[in-house]
Amino acid sequence: MELAPPALYPRSVLRPLASGRSPTPGLFLGLIITLAAVVAYSWYITVQISGLRELQNGLAGRNRKDSLQLLRIQNDLNSLALAMRDMLDNDEPYPLTAWSAQFERIRADLDDALKLEEQVAVAERTPEQREFLSNSIAQFWDAVDRTFALARDREQNDARTQIRVSLQARQAALSTAVARLLVQNNESEEQVALRIGRIYDRVQKQVYIFFTAILIAILLTSLYLIQSNRRLFAQLAALSEQRSELAQKLISTQESTLLHISRELHDEFGQILTAIGSMLSRARNHVPEDSPLRAELREVSEIAQSTLDKVRSLSQALHPVMLDEAGLESTIDWYIPTVERQTGIEISYVKSGTPFPVNGSVGVHIYRILQEALNNLARHSGSRQAWVRLRFMPESLELEVEDHGTGFVEGTARSGIGLVAMRERAELLGGIIEFLKPAEGGTLVRLRVPIEKTEPHVQ
Amino acid sequence: MNRRSFLRGLAGAASASVLPLELFAGAAPEISSPGFKLVDVTRSAGIQFQHNSGAYGGKLLPETLGSGCAFLDYDRDGWQDILLVNGMDWPGHKRQTSTLQLYRNNRDGTFTDVTRKAGLDVEMYGMGVAVGDYNNDGFPDILITCVGQNRLFKNTGKGTFTDVTNSSGLGKRQAMSTSALWFDFDRDGRLDLFVCNYVKWSPEHDVFCSLDGKHKSYCTPEAYRGETCWLFHNRGDGTFEDVTATSGIFDSSSKSLGVAILDYDQDGWPDLLVANDTQPNKLYRNAHNGTFKDVAVEAGIAFSVDGKARAGMGVDAADFDNSGTAGVAITNFDNEMIGLYRALGNGTYEDIATQAGVGLPSKSTLGFGCMFLDANLDGMLDLLAANGHIDDTVRNIRGNIGYAQPPQLFLNTGKRTFRDVTSEVGDAFGQPKVGRGLAYGDFDRDGDLDILMTTNNGPAYLYRNDQLAGNRSIRFHLVGKQSNRDAIDATVRIYYEGTTQSRTVKSGSSYLSQSELPVTFGLGKRDEIERVVIQWPNGRTEEYKKLAAGRVYDCVESAGITPGAGF
């Protein structure tokens with residue numbers, strides 16, 4: 001299974017943020033305000049649109065329909081005028097009654113148009129205006145009927161006179177009245193257009209305000225988010241620093257404690273056990289050769305010697321004295337065969353470059369990293385072969401531990417802590433530790449420590 | 001892709017390959033060829049006519065309008081003869097003599113000019129023609145509408161005509177008459193006369209119109225006052241009484257060009273549809289008491305669908321959807337489309353030109369003559385229109401519209417749609433012309449309808465219809481006894497396989513022209529019809545059963561039916 005190294009090796013352990021510093025409430029409030037603004041604006045726009053619709057349907061549309069009907073009436077009045085002109089011209093071989101069908105057709109259309117016009121007439125029209133039109137038309141048709149009655153009575157000349165003095169004048173008056181209504185409609189339409197224009201202006205202004213408010217809200221929210229992020233990152237950095245410091249202190253304390261115990265074991269208990277051994281040897285010499293006590297003393301002396309060996313071994317394990325006495329290189333030279341012996345893993349150990357002395361306090365961290373890497377390898381990789389490379393490079397000291405086993409398995413707390421410790425030790429050294437995956441599989445742990453950090457005078 | 005369109009595609013592929021087309025013939029019948037050709041036989045038939053509009057540069061209004069034509073059997077020999085109306089030179093600009101021309105059918109596909117022999121070599125500014133036996137003597141008489149005095153020529157029955165204009169009471173009437181028709185509006189058995197008049201115009205009162213402010217151009221009708229149509233009642237003694245005023249026809253605002261007879265309200269009484277130029281069309285409903293009432297507005301036929309009075313020219317009415325009720329076609333000015341009205345059955349009409357596929361193709365044409373005819377004899381009436389502009393400089397002003405325009409033949413698909421097949425029925429037919437009059441008639445007696453077309457200031461054309469698909473027809477020649485002898489306004493309905501077709505014997509229709517009086521039904525491949533019902537103009541009906549296709553039947557009112565040997 002291929003695993004991404006960053007997920008496997010967390011760089012730090014985060015402490016949860018204090019709930020009082022979370023930006024969520026602020027963002028939530030901003031969201032509510034924004035939503036409220038959108039709802040309020042939508043409501044405003046809806047109200048304005050319905051107002052516009054009402055204006056257009058109720059006034060402008062109605063006005064237009066009314067004008068169409070008025071034009072139809074005007075057209076009928078013009079047809080009447082033309083018919084009356086033809087009647088007066090007297091160039092047809094027909095009596096005036098011949099025009100009665102034509103008048104009836106126009107009358108039917110005029111009545112229909114007037115009916116429709118009354119339904120769509122604008123509200124501003126006064127009752128007097130309404131009455132004037134209908135009364136005038138009624139009077140006109142009354143005069144028409146009387147004219148045709150004269151014509152039917154063969155009073156052609158009287159009928160023509162009637163047309164000339166009455167019908168044409170009434171038709172002209174009607175035409176003027178309709179024209180006036182059309183003008184009124186036009187004026188009314190202009191007023192409606194003005195009102196519509198004002199509504200558009202108002203809505204446009206409100207749209208600008210709304211967008212400005214939204215922009216300000218977005219700006220403030222962004223600023224707030226930036227500030228919160230900055231604060232969060234600062235907190236995270238401080239926490240990481242603290243955690244690193246703490247880990248390093250722990251490691252240092254652990255190392256000094258182990259060093260102290262190791263020395264105590266080596267120096268104090270070692271000398272005591274050595275003294276006990278010497279005293280037992282001397283006491284045995286004072287006992288006769290055939291005395292059973294002599295055999296018992298030898299047995300106790302051997303137990304003391306065994307204990308001394310174990311104490312020395314433990315002391316070495318807690319802190320290899322060799323590191324202080326012979327240096328890192330020799331310690332690793334000694335340690336690799338020891339691991340081979342203890343674990344049965346075949347380790348190819350290669351050194352390269354010109355060796356240089358390594359500060360003891362630095363060496364112990366490098367040694368511990370090697371120790372942890374080989375421990376992990378032995379426990380988790382399943383590989384029976386490993387490669388350790390120690391490179392003394394001009395700029396740095398590089399240590400590599402490689403196996404072609406199963407690779408790291410994400411999981412155990414123990415290995416996790418060990419890896420954290422390896423990383424912290426690398427940081428303590430000012431070096432870089434990498435956990436890589438070789439082409440053949442398994443794990444490659446590479447530690448690189450700058451040469452200046454390894455120098456003996458550096459603490 | 002559904003199964004039908006797949007098969008259609010397959011048929012298309014087959015036609016382009018070596019596969020026999022017959023294999024797929026059943027898959028796509030609707031995209032087959034029209035099934036007939038219109039062959040120009042003008043020259044071979046001996047028709048040599050040149051219309052004289054009298055144009056000399058004065059741009060006088062009547063020059064743009066003429067003239068009409070007619071199929072008629074003037075000598076009653078059973079063969080359709082041809083009459084062509086002509087104009088003449090204007091006074092003061094005399095260059096030639098031009099008269100109308102009568103061509104007698106030689107029964108062999110050719111015609112002989114018998115104008116002089118018939119006594120019709122009379123000069124007049126003729127416009128239209130209406131043929132009807134007004135005196136019921138068995139021989140068709142001729143009314144020529146004119147600019148000035150109309151002329152009525154009585155058929156003597158001896159191959160000649162006598163001008164009876166004055167003695168008939170039609171004299172001393174000066175107008176600019178256009179289309180006319182004979183019909184018996186009071187059902188007294190005598191043909192009455194309806195005459196359309198255009199505008200109040202005379203050479204002395206010609207109005208100066210100009211497109212560029214300098215040169216005179218032809219005026220539009222708005223420049224002139226309207227003129228009422230005329231209705232003359234046949235007294236039965238050879239004279240006519242002007243009943244224009246008393247019948248309710250009088251309308252001084254009309255500018256009428258075309259008229260058709262139809263039974264709009266299905267009451268058996270003839271109504272009239274008048275196409276007006278820039279004025280609302282008129283639908284005169286017969287009130288059975290000698291009067292008419294205009295119901296065009298209520299019927300939805302006065303205006304275009306957007307409420308505009310169009311420039312109506314020619315008109316025809318026929319049962320084009322085999323619904324039993326006549327629909328209407330009206331040709332209009334360019335950019336106005338043909339009006340194709342379907343009767344909704346409740347006294348109203350719906351303009352279906354656009355949905356039917358007639359509107360868009362006719363938008364850039366100026367139509368004059370128009371008529372429904374079953375050109376391919378498939379049992380569905382097709383629509384033919386003669387087109388041509390009035391302004392010979394129109395191309396300079398409106399690039400996409402020419403002075404000469406191709407006629408348009410719309411084939412009825414039977415699904416309330418039409419297909420323009422002009423380019424498929426003959427190269428000569430589809431050539432642009434300044435078309436005006438249009439009439440049909442079976443001059444070669446082969447059972448299909450041939451076409452006669454006149455052009456303005458140009459020749460007349462005779463197109464012979466040659467059926468290619470083997471479709472058959474049945475024809476009826478009606479002779480009235482109690483009804484008018486021509487049986488004008490009689491309705492013939494045939495029934496077969498659940499289908500009903502109907503035709504009306506009619507005078508007038510189209511533009512300035514008249515088609516033959518016998519009615520023709522296309523039957524496709526059928527050999528007979530189940531029955532025929534004839535409704536005579538006086539309301540009586542007669543029914544005959546099991547009639548064979550492929551022949552003409554002479555039907556005499558109350559006397560039975562006689563099959564001819566052929567057509």
# chains A, B, ... in the order shown; residues from 1 in each chain; ligands from 1
call {"tool": "interface_residues", "arguments": {"of": "chain A", "to": "chain B", "cutoff": "9 Å", "atoms": "only C-alpha atoms", "output": "PDB file with N, CA and C atoms, in the first residue's frame"}}
result
ATOM      1  N   SER A  79     -65.059  57.439 -42.693  1.00  0.00           N
ATOM      2  CA  SER A  79     -65.831  56.732 -43.737  1.00  0.00           C
ATOM      3  C   SER A  79     -67.186  57.396 -43.916  1.00  0.00           C
ATOM      4  N   LEU A  82     -66.720  60.510 -45.941  1.00  0.00           N
ATOM      5  CA  LEU A  82     -66.541  60.216 -47.367  1.00  0.00           C
ATOM      6  C   LEU A  82     -67.876  59.855 -48.006  1.00  0.00           C
ATOM      7  N   ALA A  83     -68.649  59.051 -47.285  1.00  0.00           N
ATOM      8  CA  ALA A  83     -69.945  58.647 -47.816  1.00  0.00           C
ATOM      9  C   ALA A  83     -70.839  59.879 -48.005  1.00  0.00           C
ATOM     10  N   ASP A  86     -69.807  61.724 -51.030  1.00  0.00           N
ATOM     11  CA  ASP A  86     -70.323  61.081 -52.243  1.00  0.00           C
ATOM     12  C   ASP A  86     -71.811  61.368 -52.431  1.00  0.00           C
ATOM     13  N   TYR A  94     -78.092  56.644 -58.283  1.00  0.00           N
ATOM     14  CA  TYR A  94     -78.910  56.012 -57.253  1.00  0.00           C
ATOM     15  C   TYR A  94     -79.485  57.045 -56.297  1.00  0.00           C
ATOM     16  N   PRO A  95     -80.633  56.751 -55.714  1.00  0.00           N
ATOM     17  CA  PRO A  95     -81.160  57.662 -54.693  1.00  0.00           C
ATOM     18  C   PRO A  95     -80.298  57.594 -53.446  1.00  0.00           C
ATOM     19  N   LEU A  96     -80.477  58.575 -52.586  1.00  0.00           N
ATOM     20  CA  LEU A  96     -79.644  58.631 -51.370  1.00  0.00           C
ATOM     21  C   LEU A  96     -79.828  57.393 -50.489  1.00  0.00           C
ATOM     22  N   THR A  97     -81.001  56.776 -50.593  1.00  0.00           N
ATOM     23  CA  THR A  97     -81.240  55.590 -49.762  1.00  0.00           C
ATOM     24  C   THR A  97     -80.264  54.467 -50.076  1.00  0.00           C
ATOM     25  N   ALA A  98     -79.627  54.523 -51.249  1.00  0.00           N
ATOM     26  CA  ALA A  98     -78.645  53.485 -51.599  1.00  0.00           C
ATOM     27  C   ALA A  98     -77.531  53.411 -50.560  1.00  0.00           C
ATOM     28  N   TRP A  99     -77.251  54.574 -49.925  1.00  0.00           N
ATOM     29  CA  TRP A  99     -76.157  54.607 -48.948  1.00  0.00           C
ATOM     30  C   TRP A  99     -76.549  54.025 -47.580  1.00  0.00           C
ATOM     31  N   SER A 100     -77.827  53.711 -47.438  1.00  0.00           N
ATOM     32  CA  SER A 100     -78.273  53.304 -46.103  1.00  0.00           C
ATOM     33  C   SER A 100     -77.548  52.040 -45.623  1.00  0.00           C
ATOM     34  N   ALA A 101     -77.304  51.074 -46.552  1.00  0.00           N
ATOM     35  CA  ALA A 101     -76.593  49.846 -46.141  1.00  0.00           C
ATOM     36  C   ALA A 101     -75.180  50.187 -45.695  1.00  0.00           C
ATOM     37  N   GLN A 102     -74.548  51.085 -46.451  1.00  0.00           N
ATOM     38  CA  GLN A 102     -73.193  51.509 -46.096  1.00  0.00           C
ATOM     39  C   GLN A 102     -73.176  52.149 -44.707  1.00  0.00           C
ATOM     40  N   ARG A 105     -73.590  49.520 -41.999  1.00  0.00           N
ATOM     41  CA  ARG A 105     -72.332  48.797 -41.737  1.00  0.00           C
ATOM     42  C   ARG A 105     -71.431  49.622 -40.825  1.00  0.00           C
TER      43      ARG A 105
END
call {"tool": "select_by_dssp", "arguments": {"residues": "range 122-278 of chain B", "states": "helix (DSSP H, G or I)", "output": "short mmCIF file (atom, residue, chain, number, x, y, z; two decimals) with C-alpha atoms, in the first residue's frame"}}
result
data_model
loop_
_atom_site.label_atom_id
_atom_site.label_comp_id
_atom_site.auth_asym_id
_atom_site.auth_seq_id
_atom_site.Cartn_x
_atom_site.Cartn_y
_atom_site.Cartn_z
CA PRO B 203 -58.44 59.67 -68.44
CA GLU B 204 -59.62 63.20 -67.81
CA HIS B 205 -59.38 62.86 -64.05
CA PRO B 221 -55.86 52.91 -55.39
CA GLU B 222 -55.68 55.21 -52.38
CA ALA B 223 -55.34 58.08 -54.84
CA THR B 244 -77.55 47.86 -56.69
CA ALA B 245 -79.17 50.30 -54.31
CA THR B 246 -82.20 48.28 -53.31
CA SER B 247 -80.27 45.04 -52.80
#
call {"tool": "residues_around", "arguments": {"residues": "range 332-347 of chain B", "least_positions_apart": "6", "cutoff": "8 Å", "atoms": "only C-alpha atoms", "output": "number ranges by chain"}}
result
B: 264-265, 299, 301, 304, 310-314, 325-326, 353, 358-368
call {"tool": "write_last_selection", "arguments": {"atoms": "C-alpha atoms", "output": "PDB file, in the first residue's frame"}}
result
ATOM      1  CA  TYR B 264     -71.321  30.768 -47.268  1.00  0.00           C
ATOM      2  CA  ASP B 265     -74.153  29.850 -44.900  1.00  0.00           C
ATOM      3  CA  ALA B 299     -67.006  35.978 -40.862  1.00  0.00           C
ATOM      4  CA  ILE B 301     -62.668  37.429 -44.064  1.00  0.00           C
ATOM      5  CA  SER B 304     -55.934  39.939 -42.684  1.00  0.00           C
ATOM      6  CA  ARG B 310     -55.174  43.913 -47.840  1.00  0.00           C
ATOM      7  CA  ALA B 311     -54.943  44.562 -51.550  1.00  0.00           C
ATOM      8  CA  GLY B 312     -57.269  41.786 -52.692  1.00  0.00           C
ATOM      9  CA  MET B 313     -57.063  40.937 -56.386  1.00  0.00           C
ATOM     10  CA  GLY B 314     -58.376  37.557 -57.467  1.00  0.00           C
ATOM     11  CA  THR B 325     -68.019  23.686 -47.140  1.00  0.00           C
ATOM     12  CA  ALA B 326     -66.248  26.013 -49.493  1.00  0.00           C
ATOM     13  CA  ALA B 353     -52.193  30.306 -45.452  1.00  0.00           C
ATOM     14  CA  VAL B 358     -49.040  28.860 -49.030  1.00  0.00           C
ATOM     15  CA  GLY B 359     -48.280  32.027 -47.058  1.00  0.00           C
ATOM     16  CA  LEU B 360     -44.523  32.192 -47.091  1.00  0.00           C
ATOM     17  CA  PRO B 361     -44.008  31.218 -50.778  1.00  0.00           C
ATOM     18  CA  SER B 362     -46.562  33.839 -51.806  1.00  0.00           C
ATOM     19  CA  LYS B 363     -45.134  36.617 -49.656  1.00  0.00           C
ATOM     20  CA  SER B 364     -42.896  38.004 -52.374  1.00  0.00           C
ATOM     21  CA  THR B 365     -45.384  37.657 -55.203  1.00  0.00           C
ATOM     22  CA  LEU B 366     -48.193  39.906 -56.364  1.00  0.00           C
ATOM     23  CA  GLY B 367     -51.028  37.559 -57.218  1.00  0.00           C
ATOM     24  CA  PHE B 368     -53.923  38.207 -59.584  1.00  0.00           C
TER      25      PHE B 368
END
call {"tool": "residues_around", "arguments": {"residues": "Gly564 in chain B", "least_positions_apart": "4", "cutoff": "8 Å", "atoms": "only C-alpha atoms", "output": "list of chain:residue names"}}
result
B:Arg551, B:Val552, B:Tyr553, B:Asp554
call {"tool": "write_last_selection", "arguments": {"atoms": "all heavy atoms", "output": "CSV table (one decimal), in the first residue's frame"}}
result
chain,number,residue,atom,x,y,z
B,551,ARG,N,-65.3,9.4,-68.0
B,551,ARG,CA,-66.3,10.0,-68.9
B,551,ARG,C,-67.0,11.2,-68.4
B,551,ARG,O,-66.9,11.5,-67.2
B,551,ARG,CB,-67.3,9.0,-69.4
B,551,ARG,CG,-68.1,8.4,-68.3
B,551,ARG,CD,-68.9,7.3,-68.8
B,551,ARG,NE,-68.1,6.2,-69.2
B,551,ARG,CZ,-68.5,5.0,-69.7
B,551,ARG,NH1,-69.8,4.9,-70.0
B,551,ARG,NH2,-67.7,4.1,-70.1
B,552,VAL,N,-67.6,11.9,-69.3
B,552,VAL,CA,-68.4,13.1,-68.9
B,552,VAL,C,-69.9,12.7,-68.9
B,552,VAL,O,-70.3,11.9,-69.8
B,552,VAL,CB,-68.2,14.3,-69.8
B,552,VAL,CG1,-68.6,14.0,-71.3
B,552,VAL,CG2,-68.9,15.6,-69.3
B,553,TYR,N,-70.6,13.2,-68.0
B,553,TYR,CA,-72.1,12.9,-67.9
B,553,TYR,C,-72.9,14.2,-68.1
B,553,TYR,O,-72.6,15.2,-67.5
B,553,TYR,CB,-72.4,12.3,-66.5
B,553,TYR,CG,-71.9,10.9,-66.3
B,553,TYR,CD1,-70.5,10.8,-65.8
B,553,TYR,CD2,-72.6,9.8,-66.5
B,553,TYR,CE1,-70.0,9.5,-65.6
B,553,TYR,CE2,-72.1,8.5,-66.3
B,553,TYR,CZ,-70.8,8.4,-65.9
B,553,TYR,OH,-70.3,7.1,-65.7
B,554,ASP,N,-73.8,14.1,-69.0
B,554,ASP,CA,-74.7,15.2,-69.3
B,554,ASP,C,-75.9,15.0,-68.3
B,554,ASP,O,-76.6,14.0,-68.4
B,554,ASP,CB,-75.2,15.2,-70.7
B,554,ASP,CG,-74.1,15.7,-71.7
B,554,ASP,OD1,-73.4,16.7,-71.3
B,554,ASP,OD2,-73.9,15.1,-72.7
call {"tool": "residues_around", "arguments": {"residues": "range 340-352 of chain A", "least_positions_apart": "5", "cutoff": "9 Å", "atoms": "only C-alpha atoms", "output": "PDB file with C-alpha atoms, in the first residue's frame"}}
result
ATOM      1  CA  ASP A 333      30.697   0.399  13.993  1.00  0.00           C
ATOM      2  CA  TYR A 335      26.305  -1.060  17.228  1.00  0.00           C
ATOM      3  CA  ALA A 378      13.148  -4.985  12.956  1.00  0.00           C
ATOM      4  CA  SER A 383      12.614  -7.536   5.995  1.00  0.00           C
ATOM      5  CA  ARG A 384      15.597  -9.714   6.792  1.00  0.00           C
ATOM      6  CA  GLN A 385      17.994  -7.374   5.062  1.00  0.00           C
ATOM      7  CA  ALA A 386      18.884  -3.758   5.611  1.00  0.00           C
ATOM      8  CA  TRP A 387      21.295  -1.156   4.423  1.00  0.00           C
ATOM      9  CA  VAL A 388      22.929   1.478   6.598  1.00  0.00           C
ATOM     10  CA  ARG A 389      24.987   4.205   4.947  1.00  0.00           C
ATOM     11  CA  LEU A 390      27.029   6.773   6.803  1.00  0.00           C
ATOM     12  CA  ARG A 391      28.329   9.501   4.566  1.00  0.00           C
ATOM     13  CA  PHE A 392      30.771  12.137   5.685  1.00  0.00           C
ATOM     14  CA  MET A 393      30.096  14.812   3.125  1.00  0.00           C
TER      15      MET A 393
END
call {"tool": "atom_distance", "arguments": {"atom1": "CA of Arg187 in chain B", "atom2": "CA of Asp486 in chain B"}}
result
12.9 Å
call {"tool": "closest_residue", "arguments": {"among": "A:Ala173, A:Val449, A:Val362, A:Val203", "to": "Val47 in chain A", "atoms": "only C-alpha atoms"}}
result
A:Val203
call {"tool": "residues_around", "arguments": {"residues": "Ile488 in chain B", "least_positions_apart": "3", "cutoff": "10 Å", "atoms": "only C-alpha atoms", "output": "ChimeraX atom specification"}}
result
/B:132-133,181-184,189-191,261,270,478-480,483-485,491,504-507,517-518,536-537
call {"tool": "closest_residue", "arguments": {"among": "A:Leu88, A:Ile33, A:Ala81, A:Leu444", "to": "Ile214 in chain A", "atoms": "only C-alpha atoms"}}
result
A:Ile33
call {"tool": "atom_distance", "arguments": {"atom1": "CA of Arg436 in chain B", "atom2": "CA of Thr455 in chain B"}}
result
5.3 Å
call {"tool": "residues_around", "arguments": {"residues": "Leu194 in chain A", "least_positions_apart": "5", "cutoff": "12 Å", "atoms": "only C-alpha atoms", "output": "ChimeraX atom specification"}}
result
/A:52,55-56,60,187-189,199-201
call {"tool": "atom_distance", "arguments": {"atom1": "CA of Leu308 in chain A", "atom2": "CA of Leu323 in chain A"}}
result
20.6 Å
call {"tool": "decode", "arguments": {"residues": "range 163-189 of chain A", "atoms": "N, CA and C atoms", "output": "PDB file, in the first residue's frame"}}
result
ATOM      1  N   ILE A 163     -77.923  66.837 -44.801  1.00  0.00           N
ATOM      2  CA  ILE A 163     -76.543  66.326 -44.713  1.00  0.00           C
ATOM      3  C   ILE A 163     -75.575  67.488 -44.567  1.00  0.00           C
ATOM      4  N   ARG A 164     -75.804  68.491 -45.412  1.00  0.00           N
ATOM      5  CA  ARG A 164     -74.876  69.619 -45.455  1.00  0.00           C
ATOM      6  C   ARG A 164     -74.891  70.413 -44.155  1.00  0.00           C
ATOM      7  N   VAL A 165     -76.065  70.715 -43.663  1.00  0.00           N
ATOM      8  CA  VAL A 165     -76.159  71.634 -42.507  1.00  0.00           C
ATOM      9  C   VAL A 165     -76.094  70.902 -41.167  1.00  0.00           C
ATOM     10  N   SER A 166     -76.495  69.639 -41.162  1.00  0.00           N
ATOM     11  CA  SER A 166     -76.552  68.968 -39.873  1.00  0.00           C
ATOM     12  C   SER A 166     -75.528  67.828 -39.747  1.00  0.00           C
ATOM     13  N   LEU A 167     -75.647  66.862 -40.655  1.00  0.00           N
ATOM     14  CA  LEU A 167     -74.821  65.657 -40.500  1.00  0.00           C
ATOM     15  C   LEU A 167     -73.335  65.963 -40.578  1.00  0.00           C
ATOM     16  N   GLN A 168     -72.955  66.749 -41.549  1.00  0.00           N
ATOM     17  CA  GLN A 168     -71.527  67.025 -41.701  1.00  0.00           C
ATOM     18  C   GLN A 168     -70.977  67.779 -40.497  1.00  0.00           C
ATOM     19  N   ALA A 169     -71.799  68.722 -39.981  1.00  0.00           N
ATOM     20  CA  ALA A 169     -71.357  69.477 -38.800  1.00  0.00           C
ATOM     21  C   ALA A 169     -71.223  68.554 -37.587  1.00  0.00           C
ATOM     22  N   ARG A 170     -72.209  67.681 -37.434  1.00  0.00           N
ATOM     23  CA  ARG A 170     -72.150  66.746 -36.299  1.00  0.00           C
ATOM     24  C   ARG A 170     -70.967  65.785 -36.438  1.00  0.00           C
ATOM     25  N   GLN A 171     -70.767  65.329 -37.674  1.00  0.00           N
ATOM     26  CA  GLN A 171     -69.646  64.418 -37.909  1.00  0.00           C
ATOM     27  C   GLN A 171     -68.328  65.122 -37.565  1.00  0.00           C
ATOM     28  N   ALA A 172     -68.225  66.390 -37.972  1.00  0.00           N
ATOM     29  CA  ALA A 172     -66.999  67.148 -37.687  1.00  0.00           C
ATOM     30  C   ALA A 172     -66.811  67.308 -36.179  1.00  0.00           C
ATOM     31  N   ALA A 173     -67.931  67.614 -35.470  1.00  0.00           N
ATOM     32  CA  ALA A 173     -67.846  67.788 -34.017  1.00  0.00           C
ATOM     33  C   ALA A 173     -67.414  66.485 -33.341  1.00  0.00           C
ATOM     34  N   LEU A 174     -68.001  65.402 -33.833  1.00  0.00           N
ATOM     35  CA  LEU A 174     -67.638  64.098 -33.272  1.00  0.00           C
ATOM     36  C   LEU A 174     -66.166  63.789 -33.518  1.00  0.00           C
ATOM     37  N   SER A 175     -65.755  64.071 -34.737  1.00  0.00           N
ATOM     38  CA  SER A 175     -64.367  63.819 -35.096  1.00  0.00           C
ATOM     39  C   SER A 175     -63.432  64.623 -34.198  1.00  0.00           C
ATOM     40  N   THR A 176     -63.803  65.867 -33.934  1.00  0.00           N
ATOM     41  CA  THR A 176     -62.991  66.716 -33.056  1.00  0.00           C
ATOM     42  C   THR A 176     -62.962  66.140 -31.643  1.00  0.00           C
ATOM     43  N   ALA A 177     -64.141  65.694 -31.170  1.00  0.00           N
ATOM     44  CA  ALA A 177     -64.209  65.146 -29.815  1.00  0.00           C
ATOM     45  C   ALA A 177     -63.323  63.911 -29.689  1.00  0.00           C
ATOM     46  N   VAL A 178     -63.379  63.076 -30.696  1.00  0.00           N
ATOM     47  CA  VAL A 178     -62.554  61.861 -30.658  1.00  0.00           C
ATOM     48  C   VAL A 178     -61.071  62.232 -30.722  1.00  0.00           C
ATOM     49  N   ALA A 179     -60.770  63.217 -31.571  1.00  0.00           N
ATOM     50  CA  ALA A 179     -59.376  63.658 -31.674  1.00  0.00           C
ATOM     51  C   ALA A 179     -58.888  64.179 -30.328  1.00  0.00           C
ATOM     52  N   ARG A 180     -59.803  64.901 -29.610  1.00  0.00           N
ATOM     53  CA  ARG A 180     -59.429  65.444 -28.296  1.00  0.00           C
ATOM     54  C   ARG A 180     -59.153  64.298 -27.312  1.00  0.00           C
ATOM     55  N   LEU A 181     -59.981  63.280 -27.386  1.00  0.00           N
ATOM     56  CA  LEU A 181     -59.779  62.125 -26.507  1.00  0.00           C
ATOM     57  C   LEU A 181     -58.458  61.424 -26.822  1.00  0.00           C
ATOM     58  N   LEU A 182     -58.144  61.373 -28.103  1.00  0.00           N
ATOM     59  CA  LEU A 182     -56.874  60.758 -28.488  1.00  0.00           C
ATOM     60  C   LEU A 182     -55.697  61.557 -27.936  1.00  0.00           C
ATOM     61  N   VAL A 183     -55.850  62.899 -28.012  1.00  0.00           N
ATOM     62  CA  VAL A 183     -54.790  63.757 -27.466  1.00  0.00           C
ATOM     63  C   VAL A 183     -54.663  63.521 -25.965  1.00  0.00           C
ATOM     64  N   GLN A 184     -55.810  63.444 -25.289  1.00  0.00           N
ATOM     65  CA  GLN A 184     -55.797  63.186 -23.845  1.00  0.00           C
ATOM     66  C   GLN A 184     -55.091  61.867 -23.538  1.00  0.00           C
ATOM     67  N   ASN A 185     -55.419  60.889 -24.340  1.00  0.00           N
ATOM     68  CA  ASN A 185     -54.764  59.583 -24.142  1.00  0.00           C
ATOM     69  C   ASN A 185     -53.263  59.687 -24.313  1.00  0.00           C
ATOM     70  N   ASN A 186     -52.884  60.468 -25.313  1.00  0.00           N
ATOM     71  CA  ASN A 186     -51.443  60.649 -25.537  1.00  0.00           C
ATOM     72  C   ASN A 186     -50.792  61.303 -24.340  1.00  0.00           C
ATOM     73  N   GLU A 187     -51.475  62.355 -23.826  1.00  0.00           N
ATOM     74  CA  GLU A 187     -50.917  63.047 -22.659  1.00  0.00           C
ATOM     75  C   GLU A 187     -50.847  62.101 -21.464  1.00  0.00           C
ATOM     76  N   SER A 188     -51.923  61.340 -21.309  1.00  0.00           N
ATOM     77  CA  SER A 188     -51.968  60.387 -20.211  1.00  0.00           C
ATOM     78  C   SER A 188     -50.852  59.358 -20.348  1.00  0.00           C
ATOM     79  N   GLU A 189     -50.639  58.934 -21.579  1.00  0.00           N
ATOM     80  CA  GLU A 189     -49.563  57.969 -21.815  1.00  0.00           C
ATOM     81  C   GLU A 189     -48.204  58.563 -21.476  1.00  0.00           C
TER      82      GLU A 189
END
